[in-house]
>>> print(open('input.cif').read())   # mmCIF, N, CA and C atoms
data_run
loop_
_atom_site.label_atom_id
_atom_site.label_comp_id
_atom_site.auth_asym_id
_atom_site.auth_seq_id
_atom_site.Cartn_x
_atom_site.Cartn_y
_atom_site.Cartn_z
N MET A 27 97.73 50.10 112.58
CA MET A 27 99.08 50.44 112.24
C MET A 27 99.93 50.27 113.49
N ARG A 28 101.08 49.70 113.31
CA ARG A 28 102.01 49.52 114.43
C ARG A 28 103.15 50.53 114.31
N LEU A 29 103.46 51.12 115.44
CA LEU A 29 104.57 52.06 115.49
C LEU A 29 105.65 51.51 116.40
N ARG A 30 106.90 51.75 115.99
CA ARG A 30 108.02 51.39 116.85
C ARG A 30 108.01 52.35 118.04
N PRO A 31 108.66 51.96 119.13
CA PRO A 31 108.67 52.83 120.31
C PRO A 31 109.19 54.24 120.03
N ASP A 32 110.22 54.37 119.18
CA ASP A 32 110.74 55.71 118.87
C ASP A 32 109.74 56.52 118.05
N GLU A 33 109.01 55.85 117.15
CA GLU A 33 107.99 56.55 116.38
C GLU A 33 106.84 57.00 117.28
N MET A 34 106.48 56.16 118.23
CA MET A 34 105.41 56.51 119.16
C MET A 34 105.82 57.70 120.02
N ALA A 35 107.07 57.70 120.45
CA ALA A 35 107.56 58.83 121.25
C ALA A 35 107.52 60.12 120.43
N ASP A 36 107.94 60.03 119.16
CA ASP A 36 107.88 61.20 118.27
C ASP A 36 106.45 61.68 118.10
N LEU A 37 105.54 60.72 117.89
CA LEU A 37 104.14 61.07 117.70
C LEU A 37 103.58 61.75 118.95
N GLN A 38 103.90 61.23 120.10
CA GLN A 38 103.40 61.84 121.34
C GLN A 38 103.94 63.25 121.51
N GLN A 39 105.19 63.47 121.14
CA GLN A 39 105.77 64.81 121.22
C GLN A 39 105.06 65.76 120.26
N VAL A 40 104.81 65.29 119.05
CA VAL A 40 104.11 66.10 118.05
C VAL A 40 102.70 66.43 118.54
N MET A 41 102.02 65.43 119.07
CA MET A 41 100.66 65.65 119.57
C MET A 41 100.65 66.69 120.68
N GLN A 42 101.62 66.63 121.56
CA GLN A 42 101.70 67.60 122.64
C GLN A 42 101.99 69.00 122.10
N THR A 43 102.94 69.09 121.20
CA THR A 43 103.32 70.38 120.63
C THR A 43 102.17 71.02 119.87
N LEU A 44 101.44 70.22 119.09
CA LEU A 44 100.34 70.74 118.28
C LEU A 44 99.00 70.72 119.00
N GLU A 45 99.03 70.30 120.26
CA GLU A 45 97.81 70.23 121.09
C GLU A 45 96.73 69.38 120.42
N LEU A 46 97.16 68.22 119.93
CA LEU A 46 96.24 67.23 119.37
C LEU A 46 95.88 66.28 120.50
N HIS A 47 94.58 66.07 120.71
CA HIS A 47 94.14 65.36 121.90
C HIS A 47 93.91 63.86 121.72
N SER A 48 94.02 63.39 120.49
CA SER A 48 93.82 61.96 120.27
C SER A 48 94.61 61.51 119.05
N LEU A 49 94.77 60.20 118.94
CA LEU A 49 95.42 59.65 117.75
C LEU A 49 94.62 59.97 116.49
N SER A 50 93.29 60.00 116.63
CA SER A 50 92.45 60.36 115.48
C SER A 50 92.74 61.78 115.02
N ASP A 51 92.90 62.70 115.97
CA ASP A 51 93.24 64.08 115.61
C ASP A 51 94.58 64.12 114.89
N ALA A 52 95.56 63.37 115.39
CA ALA A 52 96.88 63.34 114.78
C ALA A 52 96.79 62.75 113.36
N LEU A 53 96.02 61.70 113.18
CA LEU A 53 95.86 61.09 111.87
C LEU A 53 95.19 62.06 110.89
N ARG A 54 94.15 62.74 111.34
CA ARG A 54 93.48 63.72 110.48
C ARG A 54 94.45 64.82 110.05
N GLU A 55 95.25 65.32 111.00
CA GLU A 55 96.22 66.37 110.69
C GLU A 55 97.26 65.86 109.70
N GLY A 56 97.74 64.63 109.91
CA GLY A 56 98.70 64.04 108.99
C GLY A 56 98.13 63.90 107.58
N LEU A 57 96.90 63.45 107.48
CA LEU A 57 96.26 63.31 106.17
C LEU A 57 96.04 64.67 105.51
N ARG A 58 95.70 65.69 106.31
CA ARG A 58 95.53 67.03 105.77
C ARG A 58 96.84 67.54 105.17
N LEU A 59 97.95 67.32 105.90
CA LEU A 59 99.25 67.76 105.41
C LEU A 59 99.69 66.98 104.17
N LEU A 60 99.45 65.67 104.17
CA LEU A 60 99.78 64.86 102.99
C LEU A 60 98.98 65.30 101.77
N SER A 61 97.71 65.62 101.99
CA SER A 61 96.86 66.09 100.90
C SER A 61 97.37 67.40 100.34
N ARG A 62 97.77 68.32 101.23
CA ARG A 62 98.32 69.61 100.78
C ARG A 62 99.60 69.40 99.98
N GLU A 63 100.47 68.52 100.47
CA GLU A 63 101.73 68.27 99.76
C GLU A 63 101.47 67.65 98.39
N ALA A 64 100.53 66.71 98.32
CA ALA A 64 100.21 66.08 97.04
C ALA A 64 99.66 67.11 96.05
N THR A 65 98.86 68.05 96.53
CA THR A 65 98.33 69.11 95.68
C THR A 65 99.46 69.98 95.15
N GLU A 66 100.42 70.31 96.00
CA GLU A 66 101.57 71.12 95.58
C GLU A 66 102.44 70.39 94.56
N VAL A 67 102.65 69.10 94.78
CA VAL A 67 103.44 68.29 93.84
C VAL A 67 102.74 68.24 92.48
N ALA A 68 101.42 68.04 92.50
CA ALA A 68 100.66 67.99 91.25
C ALA A 68 100.72 69.33 90.52
N ALA A 69 100.62 70.43 91.25
CA ALA A 69 100.69 71.76 90.63
C ALA A 69 102.07 71.99 90.02
N SER A 70 103.11 71.56 90.72
CA SER A 70 104.48 71.69 90.19
C SER A 70 104.62 70.91 88.89
N GLN A 71 104.07 69.72 88.87
CA GLN A 71 104.15 68.90 87.65
C GLN A 71 103.39 69.54 86.50
N GLU A 72 102.24 70.14 86.79
CA GLU A 72 101.48 70.82 85.75
C GLU A 72 102.28 71.97 85.16
N ILE A 73 102.98 72.72 86.01
CA ILE A 73 103.80 73.84 85.53
C ILE A 73 104.94 73.31 84.65
N ARG A 74 105.62 72.24 85.13
CA ARG A 74 106.70 71.66 84.32
C ARG A 74 106.18 71.17 82.97
N ASP A 75 105.01 70.51 83.00
CA ASP A 75 104.42 70.02 81.75
C ASP A 75 104.08 71.16 80.82
N PHE A 76 103.52 72.24 81.36
CA PHE A 76 103.11 73.39 80.55
C PHE A 76 104.31 74.01 79.86
N TYR A 77 105.41 74.18 80.60
CA TYR A 77 106.60 74.81 80.04
C TYR A 77 107.53 73.81 79.36
N GLN A 78 107.13 72.55 79.33
CA GLN A 78 107.85 71.49 78.64
C GLN A 78 109.34 71.48 78.97
N GLY A 79 109.65 71.61 80.24
CA GLY A 79 111.03 71.52 80.70
C GLY A 79 111.80 72.82 80.65
N ALA A 80 111.26 73.84 80.00
CA ALA A 80 111.94 75.15 79.93
C ALA A 80 111.72 75.90 81.25
N GLN A 81 112.58 76.85 81.52
CA GLN A 81 112.45 77.67 82.71
C GLN A 81 111.18 78.51 82.63
N ALA A 82 110.37 78.50 83.66
CA ALA A 82 109.18 79.34 83.69
C ALA A 82 109.60 80.80 83.76
N PRO A 83 108.90 81.68 83.07
CA PRO A 83 109.29 83.10 83.09
C PRO A 83 109.06 83.72 84.47
N THR A 84 109.88 84.70 84.78
CA THR A 84 109.69 85.43 86.04
C THR A 84 108.72 86.58 85.78
N PRO A 85 108.01 87.01 86.82
CA PRO A 85 107.09 88.14 86.64
C PRO A 85 107.84 89.40 86.22
N GLU A 86 107.15 90.30 85.57
CA GLU A 86 107.75 91.56 85.13
C GLU A 86 108.38 92.28 86.32
N GLY A 87 109.59 92.76 86.13
CA GLY A 87 110.27 93.51 87.18
C GLY A 87 111.03 92.65 88.17
N VAL A 88 110.92 91.34 88.06
CA VAL A 88 111.63 90.44 88.97
C VAL A 88 112.83 89.86 88.23
N ARG A 89 114.00 90.03 88.83
CA ARG A 89 115.20 89.49 88.21
C ARG A 89 115.35 88.01 88.58
N PRO A 90 115.84 87.18 87.68
CA PRO A 90 116.07 85.77 88.02
C PRO A 90 117.11 85.67 89.16
N ALA A 91 116.97 84.66 89.97
CA ALA A 91 117.91 84.45 91.08
C ALA A 91 119.29 84.13 90.53
N THR A 92 120.30 84.60 91.24
CA THR A 92 121.68 84.28 90.86
C THR A 92 122.03 82.90 91.38
N ALA A 93 123.12 82.35 90.88
CA ALA A 93 123.59 81.04 91.35
C ALA A 93 123.87 81.08 92.85
N GLU A 94 124.43 82.20 93.31
CA GLU A 94 124.73 82.34 94.74
C GLU A 94 123.45 82.34 95.58
N GLU A 95 122.42 83.04 95.10
CA GLU A 95 121.15 83.08 95.83
C GLU A 95 120.50 81.70 95.87
N LEU A 96 120.56 80.98 94.76
CA LEU A 96 119.99 79.63 94.73
C LEU A 96 120.76 78.70 95.66
N SER A 97 122.07 78.83 95.68
CA SER A 97 122.89 78.00 96.56
C SER A 97 122.58 78.30 98.01
N ALA A 98 122.43 79.58 98.36
CA ALA A 98 122.10 79.95 99.74
C ALA A 98 120.73 79.41 100.13
N ALA A 99 119.79 79.44 99.20
CA ALA A 99 118.46 78.91 99.49
C ALA A 99 118.51 77.40 99.72
N ASP A 100 119.33 76.70 98.95
CA ASP A 100 119.47 75.26 99.12
C ASP A 100 120.03 74.91 100.49
N GLU A 101 120.85 75.78 101.04
CA GLU A 101 121.49 75.52 102.33
C GLU A 101 120.65 75.95 103.52
N THR A 102 119.54 76.64 103.26
CA THR A 102 118.68 77.13 104.33
C THR A 102 118.00 75.96 105.05
N GLU A 103 118.05 75.99 106.36
CA GLU A 103 117.35 74.98 107.16
C GLU A 103 116.21 75.65 107.89
N TRP A 104 115.07 74.98 107.91
CA TRP A 104 113.90 75.54 108.58
C TRP A 104 113.81 75.06 109.98
#
>>> encode(input="input.cif", output="structure tokens")
Amino acid sequence: MRLRPDEMADLQQVMQTLELHSLSDALREGLRLLSREATEVAASQEIRDFYQGAQAPTPEGVRPATAEELSAADETEW
């Protein structure tokens, strides 16, 4: 795989931050994260399929989020 110089610089910074000692370690970590994300996407799709596009029910005692709360969550940066 070929990386552009800016991508390589980003990768080196990530490796340093996460204390990954080789490109193989970085690749393994990247694959682990991609696998986790794919699992989450698949679970989300299963929930949507189960409820056939309807809103999933909230647990007992939990009020649905207000439009303002949802908007604030959308604006949250991590």
>>> select_by_dssp(input="input.cif", residues="chain A", states="helix (DSSP H, G or I)", output="CSV table (one decimal) with N, CA and C atoms, in the coordinates of the input")
chain,number,residue,atom,x,y,z
A,31,PRO,N,108.7,52.0,119.1
A,31,PRO,CA,108.7,52.8,120.3
A,31,PRO,C,109.2,54.2,120.0
A,32,ASP,N,110.2,54.4,119.2
A,32,ASP,CA,110.7,55.7,118.9
A,32,ASP,C,109.7,56.5,118.0
A,33,GLU,N,109.0,55.8,117.2
A,33,GLU,CA,108.0,56.6,116.4
A,33,GLU,C,106.8,57.0,117.3
A,34,MET,N,106.5,56.2,118.2
A,34,MET,CA,105.4,56.5,119.2
A,34,MET,C,105.8,57.7,120.0
A,35,ALA,N,107.1,57.7,120.4
A,35,ALA,CA,107.6,58.8,121.2
A,35,ALA,C,107.5,60.1,120.4
A,36,ASP,N,107.9,60.0,119.2
A,36,ASP,CA,107.9,61.2,118.3
A,36,ASP,C,106.4,61.7,118.1
A,37,LEU,N,105.5,60.7,117.9
A,37,LEU,CA,104.1,61.1,117.7
A,37,LEU,C,103.6,61.8,119.0
A,38,GLN,N,103.9,61.2,120.1
A,38,GLN,CA,103.4,61.8,121.3
A,38,GLN,C,103.9,63.2,121.5
A,39,GLN,N,105.2,63.5,121.1
A,39,GLN,CA,105.8,64.8,121.2
A,39,GLN,C,105.1,65.8,120.3
A,40,VAL,N,104.8,65.3,119.0
A,40,VAL,CA,104.1,66.1,118.0
A,40,VAL,C,102.7,66.4,118.5
A,41,MET,N,102.0,65.4,119.1
A,41,MET,CA,100.7,65.6,119.6
A,41,MET,C,100.6,66.7,120.7
A,42,GLN,N,101.6,66.6,121.6
A,42,GLN,CA,101.7,67.6,122.6
A,42,GLN,C,102.0,69.0,122.1
A,43,THR,N,102.9,69.1,121.2
A,43,THR,CA,103.3,70.4,120.6
A,43,THR,C,102.2,71.0,119.9
A,49,LEU,N,94.8,60.2,118.9
A,49,LEU,CA,95.4,59.6,117.8
A,49,LEU,C,94.6,60.0,116.5
A,50,SER,N,93.3,60.0,116.6
A,50,SER,CA,92.4,60.4,115.5
A,50,SER,C,92.7,61.8,115.0
A,51,ASP,N,92.9,62.7,116.0
A,51,ASP,CA,93.2,64.1,115.6
A,51,ASP,C,94.6,64.1,114.9
A,52,ALA,N,95.6,63.4,115.4
A,52,ALA,CA,96.9,63.3,114.8
A,52,ALA,C,96.8,62.8,113.4
A,53,LEU,N,96.0,61.7,113.2
A,53,LEU,CA,95.9,61.1,111.9
A,53,LEU,C,95.2,62.1,110.9
A,54,ARG,N,94.2,62.7,111.3
A,54,ARG,CA,93.5,63.7,110.5
A,54,ARG,C,94.4,64.8,110.0
A,55,GLU,N,95.2,65.3,111.0
A,55,GLU,CA,96.2,66.4,110.7
A,55,GLU,C,97.3,65.9,109.7
A,56,GLY,N,97.7,64.6,109.9
A,56,GLY,CA,98.7,64.0,109.0
A,56,GLY,C,98.1,63.9,107.6
A,57,LEU,N,96.9,63.4,107.5
A,57,LEU,CA,96.3,63.3,106.2
A,57,LEU,C,96.0,64.7,105.5
A,58,ARG,N,95.7,65.7,106.3
A,58,ARG,CA,95.5,67.0,105.8
A,58,ARG,C,96.8,67.5,105.2
A,59,LEU,N,98.0,67.3,105.9
A,59,LEU,CA,99.2,67.8,105.4
A,59,LEU,C,99.7,67.0,104.2
A,60,LEU,N,99.4,65.7,104.2
A,60,LEU,CA,99.8,64.9,103.0
A,60,LEU,C,99.0,65.3,101.8
A,61,SER,N,97.7,65.6,102.0
A,61,SER,CA,96.9,66.1,100.9
A,61,SER,C,97.4,67.4,100.3
A,62,ARG,N,97.8,68.3,101.2
A,62,ARG,CA,98.3,69.6,100.8
A,62,ARG,C,99.6,69.4,100.0
A,63,GLU,N,100.5,68.5,100.5
A,63,GLU,CA,101.7,68.3,99.8
A,63,GLU,C,101.5,67.6,98.4
A,64,ALA,N,100.5,66.7,98.3
A,64,ALA,CA,100.2,66.1,97.0
A,64,ALA,C,99.7,67.1,96.0
A,65,THR,N,98.9,68.0,96.5
A,65,THR,CA,98.3,69.1,95.7
A,65,THR,C,99.5,70.0,95.2
A,66,GLU,N,100.4,70.3,96.0
A,66,GLU,CA,101.6,71.1,95.6
A,66,GLU,C,102.4,70.4,94.6
A,67,VAL,N,102.6,69.1,94.8
A,67,VAL,CA,103.4,68.3,93.8
A,67,VAL,C,102.7,68.2,92.5
A,68,ALA,N,101.4,68.0,92.5
A,68,ALA,CA,100.7,68.0,91.2
A,68,ALA,C,100.7,69.3,90.5
A,69,ALA,N,100.6,70.4,91.2
A,69,ALA,CA,100.7,71.8,90.6
A,69,ALA,C,102.1,72.0,90.0
A,70,SER,N,103.1,71.6,90.7
A,70,SER,CA,104.5,71.7,90.2
A,70,SER,C,104.6,70.9,88.9
A,71,GLN,N,104.1,69.7,88.9
A,71,GLN,CA,104.2,68.9,87.6
A,71,GLN,C,103.4,69.5,86.5
A,72,GLU,N,102.2,70.1,86.8
A,72,GLU,CA,101.5,70.8,85.8
A,72,GLU,C,102.3,72.0,85.2
A,73,ILE,N,103.0,72.7,86.0
A,73,ILE,CA,103.8,73.8,85.5
A,73,ILE,C,104.9,73.3,84.6
A,74,ARG,N,105.6,72.2,85.1
A,74,ARG,CA,106.7,71.7,84.3
A,74,ARG,C,106.2,71.2,83.0
A,75,ASP,N,105.0,70.5,83.0
A,75,ASP,CA,104.4,70.0,81.8
A,75,ASP,C,104.1,71.2,80.8
A,76,PHE,N,103.5,72.2,81.4
A,76,PHE,CA,103.1,73.4,80.6
A,76,PHE,C,104.3,74.0,79.9
A,77,TYR,N,105.4,74.2,80.6
A,77,TYR,CA,106.6,74.8,80.0
A,77,TYR,C,107.5,73.8,79.4
A,93,ALA,N,123.1,82.4,90.9
A,93,ALA,CA,123.6,81.0,91.4
A,93,ALA,C,123.9,81.1,92.8
A,94,GLU,N,124.4,82.2,93.3
A,94,GLU,CA,124.7,82.3,94.7
A,94,GLU,C,123.4,82.3,95.6
A,95,GLU,N,122.4,83.0,95.1
A,95,GLU,CA,121.2,83.1,95.8
A,95,GLU,C,120.5,81.7,95.9
A,96,LEU,N,120.6,81.0,94.8
A,96,LEU,CA,120.0,79.6,94.7
A,96,LEU,C,120.8,78.7,95.7
A,97,SER,N,122.1,78.8,95.7
A,97,SER,CA,122.9,78.0,96.6
A,97,SER,C,122.6,78.3,98.0
A,98,ALA,N,122.4,79.6,98.4
A,98,ALA,CA,122.1,80.0,99.7
A,98,ALA,C,120.7,79.4,100.1
A,99,ALA,N,119.8,79.4,99.2
A,99,ALA,CA,118.5,78.9,99.5
A,99,ALA,C,118.5,77.4,99.7
A,100,ASP,N,119.3,76.7,99.0
A,100,ASP,CA,119.5,75.3,99.1
A,100,ASP,C,120.0,74.9,100.5
A,101,GLU,N,120.8,75.8,101.0
A,101,GLU,CA,121.5,75.5,102.3
A,101,GLU,C,120.6,76.0,103.5
>>> atom_distance(input="input.cif", atom1="atom N of A:Asp51", atom2="atom CA of A:Leu37")
11.5 Å
>>> residues_around(input="input.cif", residues="stretch 52-60 of chain A", least_positions_apart="4", cutoff="9 Å", atoms="only C-alpha atoms", output="VMD selection string")
chain A and resid 37 40 to 41 44 46 to 48 64 to 65
>>> write_last_selection(input="input.cif", atoms="N, CA and C atoms", output="short mmCIF file (atom, residue, chain, number, x, y, z; two decimals), keeping the file's coordinate frame")
data_model
loop_
_atom_site.label_atom_id
_atom_site.label_comp_id
_atom_site.auth_asym_id
_atom_site.auth_seq_id
_atom_site.Cartn_x
_atom_site.Cartn_y
_atom_site.Cartn_z
N LEU A 37 105.54 60.72 117.89
CA LEU A 37 104.14 61.07 117.70
C LEU A 37 103.58 61.75 118.95
N VAL A 40 104.81 65.29 119.05
CA VAL A 40 104.11 66.10 118.05
C VAL A 40 102.70 66.43 118.54
N MET A 41 102.02 65.43 119.07
CA MET A 41 100.66 65.65 119.57
C MET A 41 100.65 66.69 120.68
N LEU A 44 101.44 70.22 119.09
CA LEU A 44 100.34 70.74 118.28
C LEU A 44 99.00 70.72 119.00
N LEU A 46 97.16 68.22 119.93
CA LEU A 46 96.24 67.23 119.37
C LEU A 46 95.88 66.28 120.50
N HIS A 47 94.58 66.07 120.71
CA HIS A 47 94.14 65.36 121.90
C HIS A 47 93.91 63.86 121.72
N SER A 48 94.02 63.39 120.49
CA SER A 48 93.82 61.96 120.27
C SER A 48 94.61 61.51 119.05
N ALA A 64 100.53 66.71 98.32
CA ALA A 64 100.21 66.08 97.04
C ALA A 64 99.66 67.11 96.05
N THR A 65 98.86 68.05 96.53
CA THR A 65 98.33 69.11 95.68
C THR A 65 99.46 69.98 95.15
#
>>> atom_distance(input="input.cif", atom1="atom CA of A:Glu66", atom2="atom CA of A:Leu29")
27.7 Å
>>> atom_distance(input="input.cif", atom1="atom CA of A:Thr43", atom2="atom N of A:Val67")
25.9 Å
>>> decode(input="input.cif", residues="stretch 40-59 of chain A", atoms="N, CA, C and O atoms", output="CSV table (one decimal), in the first residue's frame")
chain,number,residue,atom,x,y,z
A,40,VAL,N,-0.2,9.0,14.8
A,40,VAL,CA,-1.1,8.0,15.5
A,40,VAL,C,-0.3,6.9,16.1
A,40,VAL,O,-0.5,6.5,17.3
A,41,MET,N,0.7,6.4,15.5
A,41,MET,CA,1.5,5.3,16.0
A,41,MET,C,2.2,5.8,17.3
A,41,MET,O,2.3,5.1,18.3
A,42,GLN,N,2.7,7.0,17.3
A,42,GLN,CA,3.4,7.6,18.5
A,42,GLN,C,2.4,7.7,19.6
A,42,GLN,O,2.7,7.4,20.7
A,43,THR,N,1.2,8.3,19.3
A,43,THR,CA,0.2,8.6,20.3
A,43,THR,C,-0.3,7.3,20.9
A,43,THR,O,-0.4,7.2,22.2
A,44,LEU,N,-0.5,6.2,20.1
A,44,LEU,CA,-1.0,5.0,20.6
A,44,LEU,C,0.1,4.0,21.0
A,44,LEU,O,-0.3,2.8,21.4
A,45,GLU,N,1.3,4.4,20.9
A,45,GLU,CA,2.5,3.6,21.3
A,45,GLU,C,2.5,2.3,20.5
A,45,GLU,O,2.6,1.2,21.0
A,46,LEU,N,2.2,2.4,19.2
A,46,LEU,CA,2.3,1.3,18.3
A,46,LEU,C,3.7,1.3,17.7
A,46,LEU,O,4.2,2.3,17.2
A,47,HIS,N,4.4,0.1,17.8
A,47,HIS,CA,5.8,0.1,17.5
A,47,HIS,C,6.2,-0.3,16.1
A,47,HIS,O,7.4,-0.3,15.7
A,48,SER,N,5.2,-0.7,15.3
A,48,SER,CA,5.5,-1.1,13.9
A,48,SER,C,4.3,-0.8,13.0
A,48,SER,O,3.1,-0.6,13.5
A,49,LEU,N,4.5,-0.8,11.7
A,49,LEU,CA,3.4,-0.7,10.8
A,49,LEU,C,2.4,-1.9,10.9
A,49,LEU,O,1.2,-1.7,10.8
A,50,SER,N,3.0,-3.0,11.2
A,50,SER,CA,2.1,-4.2,11.4
A,50,SER,C,1.2,-4.0,12.6
A,50,SER,O,0.0,-4.3,12.6
A,51,ASP,N,1.7,-3.4,13.7
A,51,ASP,CA,0.8,-3.1,14.9
A,51,ASP,C,-0.3,-2.1,14.5
A,51,ASP,O,-1.4,-2.3,14.9
A,52,ALA,N,0.1,-1.1,13.7
A,52,ALA,CA,-0.9,-0.1,13.3
A,52,ALA,C,-1.9,-0.7,12.4
A,52,ALA,O,-3.1,-0.4,12.5
A,53,LEU,N,-1.5,-1.6,11.5
A,53,LEU,CA,-2.5,-2.3,10.6
A,53,LEU,C,-3.4,-3.2,11.4
A,53,LEU,O,-4.6,-3.1,11.2
A,54,ARG,N,-2.9,-3.9,12.4
A,54,ARG,CA,-3.7,-4.8,13.2
A,54,ARG,C,-4.8,-3.9,14.0
A,54,ARG,O,-5.9,-4.3,14.1
A,55,GLU,N,-4.3,-2.8,14.5
A,55,GLU,CA,-5.2,-1.9,15.3
A,55,GLU,C,-6.3,-1.4,14.3
A,55,GLU,O,-7.5,-1.3,14.7
A,56,GLY,N,-5.9,-0.9,13.1
A,56,GLY,CA,-6.9,-0.4,12.2
A,56,GLY,C,-7.9,-1.5,11.8
A,56,GLY,O,-9.1,-1.2,11.7
A,57,LEU,N,-7.5,-2.7,11.6
A,57,LEU,CA,-8.4,-3.8,11.2
A,57,LEU,C,-9.3,-4.1,12.4
A,57,LEU,O,-10.5,-4.4,12.2
A,58,ARG,N,-8.8,-4.0,13.6
A,58,ARG,CA,-9.6,-4.3,14.8
A,58,ARG,C,-10.7,-3.2,14.9
A,58,ARG,O,-11.9,-3.6,15.1
A,59,LEU,N,-10.4,-2.0,14.7
A,59,LEU,CA,-11.4,-0.9,14.7
A,59,LEU,C,-12.4,-1.0,13.6
A,59,LEU,O,-13.6,-0.8,13.8
